[in-house]
Amino acid sequence: MAIHVKNIKKQFSDFTALDDVSLEVKSGELIALLGPSGSGKTTLLRIIAGLEFPDSGSVLLNGEETQDKDIKERHVGFVFQHYALFKHMTVFENVAFGLRVRPKKIRPSNIVIREKVMELLSLVHLDAFHDRYPSQLSGGQRQRIALARALAVEPRLLLLDEPFGALDAKVRKELRRWMRRLHDDIHITSIFVTHDQEEAMEVADRVVVMSNGKIEQVGTPEEVYQHPANAFVYDFLGNYNEFSGIKDSAGIVHLADFDSKQSKPIEGKPVKIFSRPHEIYITNKKEEGEFIEAVVEHMNPAGPLVKIELERKGGQLIQAEILKTIIKNLDVKNGDVLFLRPETMKVFE
Amino acid sequence: MFLGLSFVAVVIGLPLAAVFTEALRKGLGAYFTAISDEYALQAIKLTFLVAAISVPCNLVFGVAASWAVAKFEFLGKRLLVTFIDLPFSVAPVISGLVYVLLFGAHSILGEWLIENDIQIIFAVPGLVIATIFVTFPFVARELIPLMEEQGTEQEEAALLLGASGWQTFWKVTIPNIKWGLLYGVLLCNARAMGEFGAVSVVSGHIKGSTNTIPLHVEILYNDYNFVAAFAVASILTLLALVTLLLKRAVEIRTHENDK
């Protein structure tokens, strides 16, 4: 189902949750709403579901205005962060709920319900657990039941609010891979909310980055990561270092150098330079060009790259992730003075 | 611990034992004569009648009020919560008096009531109204924290799955609060049957007509009819003990449910 969100505004007393938000989702897409807490992503999801109403603006589902539509008529499947399973019902009854509450005329027979529920339970690999109660299941299993329950009513749109937020890291990774595969199989238009950029990048077709009730950028994971629209998006998508820089009249960006007093001050416009830790180049001898001088404070060799924390004169901390072989060749130790330079950088004015 | 136990023994155990010894002082025969006395039976009947009306009223009202307070945000919510607590903070005698002033012969409402031949004060309706007022907080107070803790997610999930408001209430909300609700009803019932102060003011103590068990006990006692007084009191005591047992059973069930 195609979704068209138009100029939505939502205010909670003196807090602006959504400030003129517009978004288009194509049918069959898997979209991630990514942002820190308080960015409005959950409110947007709840408004699309019909659990919350916008102060102004509208939501169109398949081109139809939803303003006067009941939650029921939207045919939306919703998965909550804390599962919201009915704890007094068995797994089977939880999944069957949406079918059992239908008006008599369109309610399927018990045999059909049974078939359908068992089919869904085997889809989430939990058919053996049909007579258990939610309290007897692990978090990951509960979330899969919640998903099966949402799918039972054959929604045209699936909304997931931080679906993996309450799970531990390993289960979370497993489940999001599984969700991606599931989406590839059934192609239901899906929107999920997350504050985990890795999760958004790995699962979604397109990522919507939000902050302070506004959409900062919409794009494929690659677009958003490679070409962040602004400093916020860059910041949110990973660790980074920030340097001050100067853009001269020819448009060339120089590192603002307060380390060596010998070089001539460069005239130009001050800019912010951003660089990821793995984009830092280091050396132990001063070479040609602009370098920043810093002292090695801490090294963490666990993992494929060595994580180094360096302190610049003036106290700024710089994070660098360097290949193990380079560290070995340069024979880097704590307390060494190194010269570094961002190899790739993003400049925001 | 010893101090605690002896305190309980002196303050609660002794009087409890005293009720039954005094009631049976002149043998079982006198005991049964006392409780099968015409006025005693009428008092028992009236007590059950008042409880049978006021407890269901407060059940419905308590559930509705807690549902509103716990699941919705609205203007005047705090005021409602304060009103629910009011009967706890007002002395029962005062609340009885307020009803006398409100519905009595000398009030504005009273004149209208007399003209239309409706009797509230010194009649069963007065007893019921006073009892409802006094026992009003029990169900709501029990349910509000429980429902607030449970939040609204399960209800939202039910609505999103296509359930109507009514279906959501019966299939999701009620099963989640049933043990807390039963607990509240038990407390409410115990209080409804044992209430003295407010009922005393509105009753008028008309023998065989507006006397509930506690009022009947008082009359017997004031007439120096100690055996009968304690015999009738023992019925209330037994009711209290049954309530305690049921309450304990509910507590065990709730505990198991939480696991």
# chains A, B, ... in the order shown; residues from 1 in each chain; ligands from 1
call {"tool": "residues_around", "arguments": {"residues": "Ile145 (chain A)", "least_positions_apart": "2", "cutoff": "8 Å", "atoms": "only C-alpha atoms", "output": "PyMOL selection string"}}
result
chain A and resi 91+94-95+121+124+126+141-143+147-149
call {"tool": "write_last_selection", "arguments": {"atoms": "all heavy atoms", "output": "mmCIF file, in the first residue's frame"}}
result
data_model
loop_
_atom_site.group_PDB
_atom_site.id
_atom_site.type_symbol
_atom_site.label_atom_id
_atom_site.label_comp_id
_atom_site.auth_asym_id
_atom_site.auth_seq_id
_atom_site.Cartn_x
_atom_site.Cartn_y
_atom_site.Cartn_z
ATOM 1 N N VAL A 91 -0.350 -18.701 22.868
ATOM 2 C CA VAL A 91 0.242 -18.219 21.626
ATOM 3 C C VAL A 91 -0.772 -18.353 20.483
ATOM 4 O O VAL A 91 -0.989 -17.424 19.710
ATOM 5 C CB VAL A 91 1.524 -19.024 21.334
ATOM 6 C CG1 VAL A 91 1.933 -18.902 19.881
ATOM 7 C CG2 VAL A 91 2.648 -18.568 22.252
ATOM 8 N N ASN A 94 -3.525 -15.779 20.785
ATOM 9 C CA ASN A 94 -2.995 -14.457 20.456
ATOM 10 C C ASN A 94 -3.036 -14.221 18.952
ATOM 11 O O ASN A 94 -3.508 -13.189 18.490
ATOM 12 C CB ASN A 94 -1.556 -14.319 20.953
ATOM 13 C CG ASN A 94 -1.457 -13.611 22.277
ATOM 14 O OD1 ASN A 94 -1.561 -12.389 22.340
ATOM 15 N ND2 ASN A 94 -1.302 -14.367 23.343
ATOM 16 N N VAL A 95 -2.533 -15.202 18.200
ATOM 17 C CA VAL A 95 -2.476 -15.060 16.743
ATOM 18 C C VAL A 95 -3.889 -15.096 16.148
ATOM 19 O O VAL A 95 -4.194 -14.405 15.185
ATOM 20 C CB VAL A 95 -1.570 -16.149 16.127
ATOM 21 C CG1 VAL A 95 -1.531 -16.022 14.609
ATOM 22 C CG2 VAL A 95 -0.160 -16.042 16.693
ATOM 23 N N LEU A 121 2.293 -19.567 12.381
ATOM 24 C CA LEU A 121 3.239 -19.978 13.413
ATOM 25 C C LEU A 121 4.427 -20.720 12.800
ATOM 26 O O LEU A 121 5.557 -20.587 13.270
ATOM 27 C CB LEU A 121 2.545 -20.843 14.467
ATOM 28 C CG LEU A 121 1.634 -20.076 15.427
ATOM 29 C CD1 LEU A 121 0.943 -21.012 16.388
ATOM 30 C CD2 LEU A 121 2.426 -19.033 16.201
ATOM 31 N N VAL A 124 6.876 -18.232 11.379
ATOM 32 C CA VAL A 124 7.797 -17.636 12.350
ATOM 33 C C VAL A 124 8.532 -18.717 13.154
ATOM 34 O O VAL A 124 9.131 -18.438 14.193
ATOM 35 C CB VAL A 124 7.082 -16.643 13.303
ATOM 36 C CG1 VAL A 124 6.500 -15.483 12.534
ATOM 37 C CG2 VAL A 124 5.995 -17.333 14.121
ATOM 38 N N LEU A 126 7.524 -21.144 15.058
ATOM 39 C CA LEU A 126 7.118 -21.344 16.446
ATOM 40 C C LEU A 126 5.871 -22.226 16.537
ATOM 41 O O LEU A 126 5.134 -22.174 17.515
ATOM 42 C CB LEU A 126 6.851 -19.991 17.120
ATOM 43 C CG LEU A 126 8.098 -19.185 17.493
ATOM 44 C CD1 LEU A 126 7.720 -17.788 17.921
ATOM 45 C CD2 LEU A 126 8.883 -19.872 18.598
ATOM 46 N N GLN A 141 11.258 -14.828 20.762
ATOM 47 C CA GLN A 141 10.083 -15.632 20.381
ATOM 48 C C GLN A 141 8.806 -14.819 20.510
ATOM 49 O O GLN A 141 7.934 -14.875 19.652
ATOM 50 C CB GLN A 141 9.996 -16.872 21.278
ATOM 51 C CG GLN A 141 11.090 -17.888 20.976
ATOM 52 C CD GLN A 141 11.158 -18.981 22.035
ATOM 53 O OE1 GLN A 141 10.813 -18.773 23.192
ATOM 54 N NE2 GLN A 141 11.625 -20.145 21.634
ATOM 55 N N ARG A 142 8.724 -14.026 21.587
ATOM 56 C CA ARG A 142 7.524 -13.198 21.778
ATOM 57 C C ARG A 142 7.357 -12.228 20.618
ATOM 58 O O ARG A 142 6.254 -12.012 20.125
ATOM 59 C CB ARG A 142 7.643 -12.383 23.067
ATOM 60 C CG ARG A 142 7.418 -13.211 24.290
ATOM 61 C CD ARG A 142 7.479 -12.341 25.513
ATOM 62 N NE ARG A 142 8.008 -13.132 26.620
ATOM 63 C CZ ARG A 142 8.119 -12.681 27.849
ATOM 64 N NH1 ARG A 142 7.772 -11.460 28.151
ATOM 65 N NH2 ARG A 142 8.591 -13.464 28.794
ATOM 66 N N GLN A 143 8.483 -11.636 20.176
ATOM 67 C CA GLN A 143 8.376 -10.656 19.104
ATOM 68 C C GLN A 143 7.943 -11.325 17.799
ATOM 69 O O GLN A 143 7.213 -10.739 17.014
ATOM 70 C CB GLN A 143 9.702 -9.900 18.955
ATOM 71 C CG GLN A 143 9.601 -8.595 18.203
ATOM 72 C CD GLN A 143 8.552 -7.645 18.768
ATOM 73 O OE1 GLN A 143 7.354 -7.945 18.796
ATOM 74 N NE2 GLN A 143 8.981 -6.493 19.247
ATOM 75 N N LEU A 147 4.580 -10.539 15.612
ATOM 76 C CA LEU A 147 4.591 -10.335 14.159
ATOM 77 C C LEU A 147 3.566 -11.250 13.479
ATOM 78 O O LEU A 147 2.800 -10.809 12.611
ATOM 79 C CB LEU A 147 6.003 -10.618 13.636
ATOM 80 C CG LEU A 147 6.319 -10.149 12.235
ATOM 81 C CD1 LEU A 147 6.093 -8.657 12.111
ATOM 82 C CD2 LEU A 147 7.775 -10.475 11.889
ATOM 83 N N ALA A 148 3.519 -12.503 13.913
ATOM 84 C CA ALA A 148 2.544 -13.446 13.354
ATOM 85 C C ALA A 148 1.124 -12.957 13.617
ATOM 86 O O ALA A 148 0.252 -13.027 12.749
ATOM 87 C CB ALA A 148 2.744 -14.830 13.961
ATOM 88 N N ARG A 149 0.898 -12.408 14.830
ATOM 89 C CA ARG A 149 -0.423 -11.907 15.195
ATOM 90 C C ARG A 149 -0.820 -10.744 14.289
ATOM 91 O O ARG A 149 -1.958 -10.650 13.832
ATOM 92 C CB ARG A 149 -0.412 -11.460 16.656
ATOM 93 C CG ARG A 149 -1.744 -10.947 17.137
ATOM 94 C CD ARG A 149 -1.719 -10.553 18.587
ATOM 95 N NE ARG A 149 -0.909 -9.356 18.822
ATOM 96 C CZ ARG A 149 -0.791 -8.761 19.995
ATOM 97 N NH1 ARG A 149 -1.382 -9.265 21.042
ATOM 98 N NH2 ARG A 149 -0.041 -7.681 20.123
#
call {"tool": "interface_residues", "arguments": {"of": "chain B", "to": "chain A", "cutoff": "12 Å", "atoms": "only C-alpha atoms", "output": "JSON, numbers by chain"}}
result
{"B": [73, 150, 151, 152, 153, 154, 155, 156, 157, 158, 159, 160, 161, 162, 163, 164, 165, 166, 167, 168, 170, 171, 172, 173, 174, 175, 176, 177, 178, 256, 257, 258, 259]}
call {"tool": "residues_around", "arguments": {"residues": "region 226-231 of chain B", "least_positions_apart": "4", "cutoff": "7 Å", "atoms": "only C-alpha atoms", "output": "list in words"}}
result
Val19, Glu22, Ala23, Arg25, Tyr31, Ala34, Ile35, Val217, Leu220, Tyr221 and Ile235 of chain B
call {"tool": "write_last_selection", "arguments": {"atoms": "C-alpha atoms", "output": "compact mmCIF listing (two decimals), in the first residue's frame"}}
result
# COMPACT_ATOMS: atom_id res chain seq x y z
CA VAL B 19 -17.14 -12.14 70.54
CA GLU B 22 -19.86 -13.90 74.91
CA ALA B 23 -22.22 -15.06 72.14
CA ARG B 25 -22.19 -17.81 77.10
CA TYR B 31 -27.35 -18.27 70.48
CA ALA B 34 -30.92 -14.66 69.39
CA ILE B 35 -30.02 -14.85 65.73
CA VAL B 217 -26.03 -4.95 67.54
CA LEU B 220 -29.26 -4.91 71.61
CA TYR B 221 -26.15 -3.84 73.47
CA ILE B 235 -22.42 -13.17 62.19
call {"tool": "residues_around", "arguments": {"residues": "Ile120 (chain B)", "least_positions_apart": "2", "cutoff": "10 Å", "atoms": "only C-alpha atoms", "output": "JSON list (two decimals) with all heavy atoms, in the first residue's frame"}}
result
[["chain", "number", "residue", "atom", "x", "y", "z"],
["B", 99, "TYR", "N", -26.10, 13.69, 53.81],
["B", 99, "TYR", "CA", -27.27, 13.16, 53.10],
["B", 99, "TYR", "C", -28.57, 13.54, 53.79],
["B", 99, "TYR", "O", -29.58, 13.80, 53.13],
["B", 99, "TYR", "CB", -27.15, 11.64, 52.95],
["B", 99, "TYR", "CG", -26.18, 11.26, 51.86],
["B", 99, "TYR", "CD1", -25.02, 10.55, 52.14],
["B", 99, "TYR", "CD2", -26.42, 11.66, 50.55],
["B", 99, "TYR", "CE1", -24.13, 10.24, 51.14],
["B", 99, "TYR", "CE2", -25.54, 11.35, 49.55],
["B", 99, "TYR", "CZ", -24.38, 10.63, 49.83],
["B", 99, "TYR", "OH", -23.50, 10.34, 48.85],
["B", 100, "VAL", "N", -28.53, 13.55, 55.15],
["B", 100, "VAL", "CA", -29.73, 13.99, 55.88],
["B", 100, "VAL", "C", -30.05, 15.43, 55.51],
["B", 100, "VAL", "O", -31.20, 15.78, 55.23],
["B", 100, "VAL", "CB", -29.53, 13.83, 57.39],
["B", 100, "VAL", "CG1", -30.71, 14.47, 58.15],
["B", 100, "VAL", "CG2", -29.40, 12.37, 57.77],
["B", 103, "PHE", "N", -31.32, 15.38, 51.71],
["B", 103, "PHE", "CA", -32.60, 14.75, 51.37],
["B", 103, "PHE", "C", -33.64, 14.85, 52.49],
["B", 103, "PHE", "O", -34.77, 14.42, 52.32],
["B", 103, "PHE", "CB", -32.38, 13.26, 51.04],
["B", 103, "PHE", "CG", -31.49, 13.02, 49.87],
["B", 103, "PHE", "CD1", -30.32, 12.27, 50.01],
["B", 103, "PHE", "CD2", -31.79, 13.55, 48.62],
["B", 103, "PHE", "CE1", -29.48, 12.05, 48.93],
["B", 103, "PHE", "CE2", -30.95, 13.32, 47.54],
["B", 103, "PHE", "CZ", -29.80, 12.58, 47.69],
["B", 104, "GLY", "N", -33.22, 15.35, 53.68],
["B", 104, "GLY", "CA", -34.11, 15.38, 54.83],
["B", 104, "GLY", "C", -35.32, 16.29, 54.60],
["B", 104, "GLY", "O", -35.38, 17.07, 53.64],
["B", 105, "ALA", "N", -36.29, 16.21, 55.53],
["B", 105, "ALA", "CA", -37.56, 16.94, 55.39],
["B", 105, "ALA", "C", -37.38, 18.45, 55.29],
["B", 105, "ALA", "O", -38.19, 19.14, 54.68],
["B", 105, "ALA", "CB", -38.46, 16.59, 56.57],
["B", 110, "GLY", "N", -35.82, 17.95, 49.91],
["B", 110, "GLY", "CA", -36.71, 17.19, 50.79],
["B", 110, "GLY", "C", -38.17, 17.51, 50.54],
["B", 110, "GLY", "O", -39.00, 16.60, 50.46],
["B", 113, "LEU", "N", -39.31, 15.90, 47.52],
["B", 113, "LEU", "CA", -39.41, 14.46, 47.73],
["B", 113, "LEU", "C", -40.70, 14.10, 48.47],
["B", 113, "LEU", "O", -41.38, 13.13, 48.13],
["B", 113, "LEU", "CB", -38.19, 13.95, 48.51],
["B", 113, "LEU", "CG", -36.87, 13.93, 47.75],
["B", 113, "LEU", "CD1", -35.71, 13.63, 48.68],
["B", 113, "LEU", "CD2", -36.91, 12.92, 46.62],
["B", 114, "ILE", "N", -41.02, 14.93, 49.48],
["B", 114, "ILE", "CA", -42.25, 14.65, 50.26],
["B", 114, "ILE", "C", -43.47, 14.80, 49.37],
["B", 114, "ILE", "O", -44.37, 13.97, 49.36],
["B", 114, "ILE", "CB", -42.35, 15.60, 51.48],
["B", 114, "ILE", "CG1", -41.25, 15.22, 52.49],
["B", 114, "ILE", "CG2", -43.71, 15.50, 52.15],
["B", 114, "ILE", "CD1", -41.02, 16.23, 53.57],
["B", 117, "ASP", "N", -43.88, 11.94, 47.41],
["B", 117, "ASP", "CA", -43.99, 10.72, 48.20],
["B", 117, "ASP", "C", -42.80, 9.77, 48.01],
["B", 117, "ASP", "O", -42.96, 8.57, 47.86],
["B", 117, "ASP", "CB", -45.31, 10.00, 47.86],
["B", 117, "ASP", "CG", -45.76, 9.17, 49.06],
["B", 117, "ASP", "OD1", -45.25, 9.44, 50.17],
["B", 117, "ASP", "OD2", -46.58, 8.27, 48.86],
["B", 118, "ILE", "N", -41.59, 10.36, 47.94],
["B", 118, "ILE", "CA", -40.40, 9.52, 47.85],
["B", 118, "ILE", "C", -39.65, 9.65, 49.16],
["B", 118, "ILE", "O", -39.30, 10.76, 49.58],
["B", 118, "ILE", "CB", -39.48, 9.97, 46.69],
["B", 118, "ILE", "CG1", -40.24, 9.93, 45.36],
["B", 118, "ILE", "CG2", -38.24, 9.09, 46.62],
["B", 118, "ILE", "CD1", -39.52, 10.60, 44.24],
["B", 122, "PHE", "N", -34.16, 7.79, 56.42],
["B", 122, "PHE", "CA", -34.89, 6.87, 57.31],
["B", 122, "PHE", "C", -35.60, 5.78, 56.50],
["B", 122, "PHE", "O", -36.65, 5.29, 56.86],
["B", 122, "PHE", "CB", -35.92, 7.60, 58.18],
["B", 122, "PHE", "CG", -35.32, 8.77, 58.92],
["B", 122, "PHE", "CD1", -35.98, 9.98, 59.02],
["B", 122, "PHE", "CD2", -34.06, 8.65, 59.51],
["B", 122, "PHE", "CE1", -35.41, 11.05, 59.68],
["B", 122, "PHE", "CE2", -33.48, 9.72, 60.18],
["B", 122, "PHE", "CZ", -34.16, 10.92, 60.27],
["B", 123, "ALA", "N", -34.98, 5.42, 55.36],
["B", 123, "ALA", "CA", -35.54, 4.35, 54.54],
["B", 123, "ALA", "C", -34.39, 3.65, 53.81],
["B", 123, "ALA", "O", -33.25, 4.10, 53.86],
["B", 123, "ALA", "CB", -36.54, 4.89, 53.53],
["B", 124, "VAL", "N", -34.72, 2.57, 53.12],
["B", 124, "VAL", "CA", -33.68, 1.77, 52.45],
["B", 124, "VAL", "C", -32.84, 2.58, 51.44],
["B", 124, "VAL", "O", -31.63, 2.46, 51.42],
["B", 124, "VAL", "CB", -34.30, 0.52, 51.79],
["B", 124, "VAL", "CG1", -33.24, -0.29, 51.05],
["B", 124, "VAL", "CG2", -34.97, -0.34, 52.85],
["B", 125, "PRO", "N", -33.47, 3.43, 50.59],
["B", 125, "PRO", "CA", -32.65, 4.19, 49.63],
["B", 125, "PRO", "C", -31.54, 4.99, 50.32],
["B", 125, "PRO", "O", -30.42, 5.05, 49.81],
["B", 125, "PRO", "CB", -33.66, 5.11, 48.95],
["B", 125, "PRO", "CG", -34.96, 4.42, 49.10],
["B", 125, "PRO", "CD", -34.91, 3.69, 50.41],
["B", 126, "GLY", "N", -31.84, 5.58, 51.47],
["B", 126, "GLY", "CA", -30.84, 6.35, 52.21],
["B", 126, "GLY", "C", -29.67, 5.47, 52.63],
["B", 126, "GLY", "O", -28.51, 5.84, 52.50],
["B", 127, "LEU", "N", -30.02, 4.29, 53.13],
["B", 127, "LEU", "CA", -28.98, 3.35, 53.56],
["B", 127, "LEU", "C", -28.08, 2.98, 52.38],
["B", 127, "LEU", "O", -26.85, 2.95, 52.50],
["B", 127, "LEU", "CB", -29.61, 2.07, 54.12],
["B", 127, "LEU", "CG", -30.43, 2.21, 55.40],
["B", 127, "LEU", "CD1", -31.04, 0.88, 55.78],
["B", 127, "LEU", "CD2", -29.57, 2.75, 56.53],
["B", 128, "VAL", "N", -28.72, 2.72, 51.25],
["B", 128, "VAL", "CA", -27.95, 2.32, 50.06],
["B", 128, "VAL", "C", -27.03, 3.46, 49.61],
["B", 128, "VAL", "O", -25.84, 3.26, 49.36],
["B", 128, "VAL", "CB", -28.89, 1.90, 48.91],
["B", 128, "VAL", "CG1", -28.11, 1.69, 47.62],
["B", 128, "VAL", "CG2", -29.63, 0.63, 49.28],
["B", 129, "ILE", "N", -27.58, 4.67, 49.54],
["B", 129, "ILE", "CA", -26.78, 5.81, 49.08],
["B", 129, "ILE", "C", -25.59, 6.05, 50.01],
["B", 129, "ILE", "O", -24.45, 6.21, 49.56],
["B", 129, "ILE", "CB", -27.65, 7.08, 48.97],
["B", 129, "ILE", "CG1", -28.65, 6.92, 47.82],
["B", 129, "ILE", "CG2", -26.78, 8.31, 48.72],
["B", 129, "ILE", "CD1", -29.70, 8.01, 47.76],
["B", 202, "VAL", "N", -28.40, 8.04, 58.75],
["B", 202, "VAL", "CA", -29.53, 8.10, 57.82],
["B", 202, "VAL", "C", -30.62, 7.08, 58.12],
["B", 202, "VAL", "O", -31.70, 7.14, 57.56],
["B", 202, "VAL", "CB", -29.08, 7.92, 56.35],
["B", 202, "VAL", "CG1", -28.20, 9.06, 55.91],
["B", 202, "VAL", "CG2", -28.38, 6.59, 56.15],
["B", 203, "SER", "N", -30.31, 6.11, 59.01],
["B", 203, "SER", "CA", -31.24, 5.00, 59.20],
["B", 203, "SER", "C", -32.46, 5.37, 60.04],
["B", 203, "SER", "O", -33.58, 4.98, 59.73],
["B", 203, "SER", "CB", -30.50, 3.82, 59.82],
["B", 203, "SER", "OG", -31.24, 3.23, 60.84]]
call {"tool": "residues_around", "arguments": {"residues": "Phe48 (chain B)", "least_positions_apart": "4", "cutoff": "8 Å", "atoms": "only C-alpha atoms", "output": "tab-separated table (two decimals) with all heavy atoms, in the first residue's frame"}}
result
chain	number	residue	atom	x	y	z
B	44	ILE	N	-30.40	-8.82	59.22
B	44	ILE	CA	-29.49	-9.58	58.35
B	44	ILE	C	-29.92	-9.42	56.89
B	44	ILE	O	-29.11	-9.13	56.01
B	44	ILE	CB	-29.47	-11.07	58.74
B	44	ILE	CG1	-28.85	-11.23	60.14
B	44	ILE	CG2	-28.70	-11.90	57.73
B	44	ILE	CD1	-29.04	-12.60	60.76
B	52	ALA	N	-26.03	-5.95	48.41
B	52	ALA	CA	-26.31	-6.48	47.07
B	52	ALA	C	-26.58	-5.37	46.07
B	52	ALA	O	-26.37	-5.54	44.88
B	52	ALA	CB	-27.50	-7.43	47.12
B	193	MET	N	-21.05	-4.19	54.42
B	193	MET	CA	-21.82	-4.91	55.43
B	193	MET	C	-21.52	-4.41	56.83
B	193	MET	O	-22.38	-4.45	57.72
B	193	MET	CB	-21.51	-6.41	55.35
B	193	MET	CG	-22.10	-7.04	54.11
B	193	MET	SD	-21.87	-8.80	54.14
B	193	MET	CE	-22.95	-9.30	52.82
call {"tool": "select_by_dssp", "arguments": {"residues": "region 92-193 of chain A", "states": "alpha helix (DSSP H)", "output": "PyMOL selection string"}}
result
chain A and resi 92-100+110-123+139-152+169-186
call {"tool": "residues_around", "arguments": {"residues": "Asn230 (chain A)", "least_positions_apart": "4", "cutoff": "8 Å", "atoms": "only C-alpha atoms", "output": "PDB file with N, CA, C and O atoms, in the first residue's frame"}}
result
ATOM      1  N   GLU A 216      15.332  14.917   8.235  1.00  0.00           N
ATOM      2  CA  GLU A 216      16.607  15.512   7.821  1.00  0.00           C
ATOM      3  C   GLU A 216      17.004  15.034   6.435  1.00  0.00           C
ATOM      4  O   GLU A 216      17.553  15.786   5.644  1.00  0.00           O
ATOM      5  N   TYR A 234      25.266  13.115   9.312  1.00  0.00           N
ATOM      6  CA  TYR A 234      26.622  12.583   9.368  1.00  0.00           C
ATOM      7  C   TYR A 234      26.928  12.086  10.774  1.00  0.00           C
ATOM      8  O   TYR A 234      27.402  10.971  10.986  1.00  0.00           O
ATOM      9  N   PHE A 348      30.936  20.734   6.085  1.00  0.00           N
ATOM     10  CA  PHE A 348      29.666  21.457   6.224  1.00  0.00           C
ATOM     11  C   PHE A 348      29.958  22.879   6.671  1.00  0.00           C
ATOM     12  O   PHE A 348      30.788  23.090   7.546  1.00  0.00           O
TER      13      PHE A 348
END
call {"tool": "residues_around", "arguments": {"residues": "Glu218 (chain B)", "least_positions_apart": "3", "cutoff": "12 Å", "atoms": "only C-alpha atoms", "output": "list in words"}}
result
Ala40, Ala43, Phe196, Gly197, Ser200, His205, Lys207, Asn211, Thr212, Ile213, Pro214, Leu215, Tyr221, Asn222, Asp223, Tyr224, Asn225, Phe226, Ala228, Ala229, Phe230, Val232 and Ala233 of chain B
call {"tool": "write_last_selection", "arguments": {"atoms": "N, CA and C atoms", "output": "CSV table (one decimal), in the first residue's frame"}}
result
chain,number,residue,atom,x,y,z
B,40,ALA,N,-33.7,-9.6,64.3
B,40,ALA,CA,-32.3,-9.9,63.9
B,40,ALA,C,-32.3,-10.4,62.4
B,43,ALA,N,-32.7,-7.6,60.2
B,43,ALA,CA,-31.4,-6.8,60.0
B,43,ALA,C,-30.5,-7.5,59.1
B,196,PHE,N,-21.0,1.4,59.9
B,196,PHE,CA,-21.9,1.9,61.0
B,196,PHE,C,-22.2,3.3,61.0
B,197,GLY,N,-21.2,4.2,60.9
B,197,GLY,CA,-21.4,5.6,61.1
B,197,GLY,C,-22.4,6.3,60.2
B,200,SER,N,-25.8,4.8,60.3
B,200,SER,CA,-26.5,5.1,61.6
B,200,SER,C,-27.2,6.4,61.5
B,205,HIS,N,-32.9,4.2,62.9
B,205,HIS,CA,-33.0,3.0,63.8
B,205,HIS,C,-34.5,2.5,64.0
B,207,LYS,N,-36.8,-0.3,64.1
B,207,LYS,CA,-36.6,-1.8,64.3
B,207,LYS,C,-37.4,-2.5,63.2
B,211,ASN,N,-32.9,-1.2,60.2
B,211,ASN,CA,-31.7,-1.6,61.0
B,211,ASN,C,-30.9,-2.6,60.2
B,212,THR,N,-29.6,-2.3,60.1
B,212,THR,CA,-28.7,-3.3,59.5
B,212,THR,C,-28.0,-4.0,60.7
B,213,ILE,N,-27.2,-5.0,60.4
B,213,ILE,CA,-26.6,-5.8,61.5
B,213,ILE,C,-25.9,-4.9,62.5
B,214,PRO,N,-25.0,-4.0,62.0
B,214,PRO,CA,-24.2,-3.2,63.0
B,214,PRO,C,-25.2,-2.4,63.9
B,215,LEU,N,-26.2,-1.8,63.3
B,215,LEU,CA,-27.1,-1.0,64.1
B,215,LEU,C,-27.9,-1.8,65.1
B,221,TYR,N,-27.2,-4.1,72.5
B,221,TYR,CA,-26.1,-3.8,73.5
B,221,TYR,C,-26.6,-2.8,74.4
B,222,ASN,N,-27.2,-1.7,73.9
B,222,ASN,CA,-27.8,-0.6,74.7
B,222,ASN,C,-28.9,-1.1,75.6
B,223,ASP,N,-29.6,-2.2,75.2
B,223,ASP,CA,-30.7,-2.8,76.0
B,223,ASP,C,-30.1,-3.8,77.0
B,224,TYR,N,-28.8,-3.8,77.2
B,224,TYR,CA,-28.2,-4.8,78.1
B,224,TYR,C,-28.5,-6.2,77.7
B,225,ASN,N,-28.8,-6.5,76.4
B,225,ASN,CA,-29.0,-7.8,75.9
B,225,ASN,C,-27.7,-8.3,75.3
B,226,PHE,N,-26.7,-8.6,76.2
B,226,PHE,CA,-25.4,-8.9,75.7
B,226,PHE,C,-25.3,-10.1,74.9
B,228,ALA,N,-27.5,-11.7,73.0
B,228,ALA,CA,-28.0,-11.4,71.7
B,228,ALA,C,-27.1,-10.5,70.9
B,229,ALA,N,-26.6,-9.5,71.5
B,229,ALA,CA,-25.7,-8.5,70.8
B,229,ALA,C,-24.5,-9.2,70.2
B,230,PHE,N,-23.9,-10.0,71.1
B,230,PHE,CA,-22.7,-10.7,70.6
B,230,PHE,C,-23.0,-11.8,69.6
B,232,VAL,N,-25.4,-11.7,67.3
B,232,VAL,CA,-25.6,-11.1,66.0
B,232,VAL,C,-24.2,-10.6,65.5
B,233,ALA,N,-23.4,-10.0,66.5
B,233,ALA,CA,-22.1,-9.5,66.1
B,233,ALA,C,-21.3,-10.7,65.5
call {"tool": "select_by_dssp", "arguments": {"residues": "region 7-148 of chain A", "states": "strand (DSSP E)", "output": "PyMOL selection string"}}
result
chain A and resi 7-12+15-25+30-34+56-61+64-65+76-79
call {"tool": "atom_distance", "arguments": {"atom1": "CA of Asn329 (chain A)", "atom2": "CA of Leu305 (chain A)"}}
result
14.3 Å
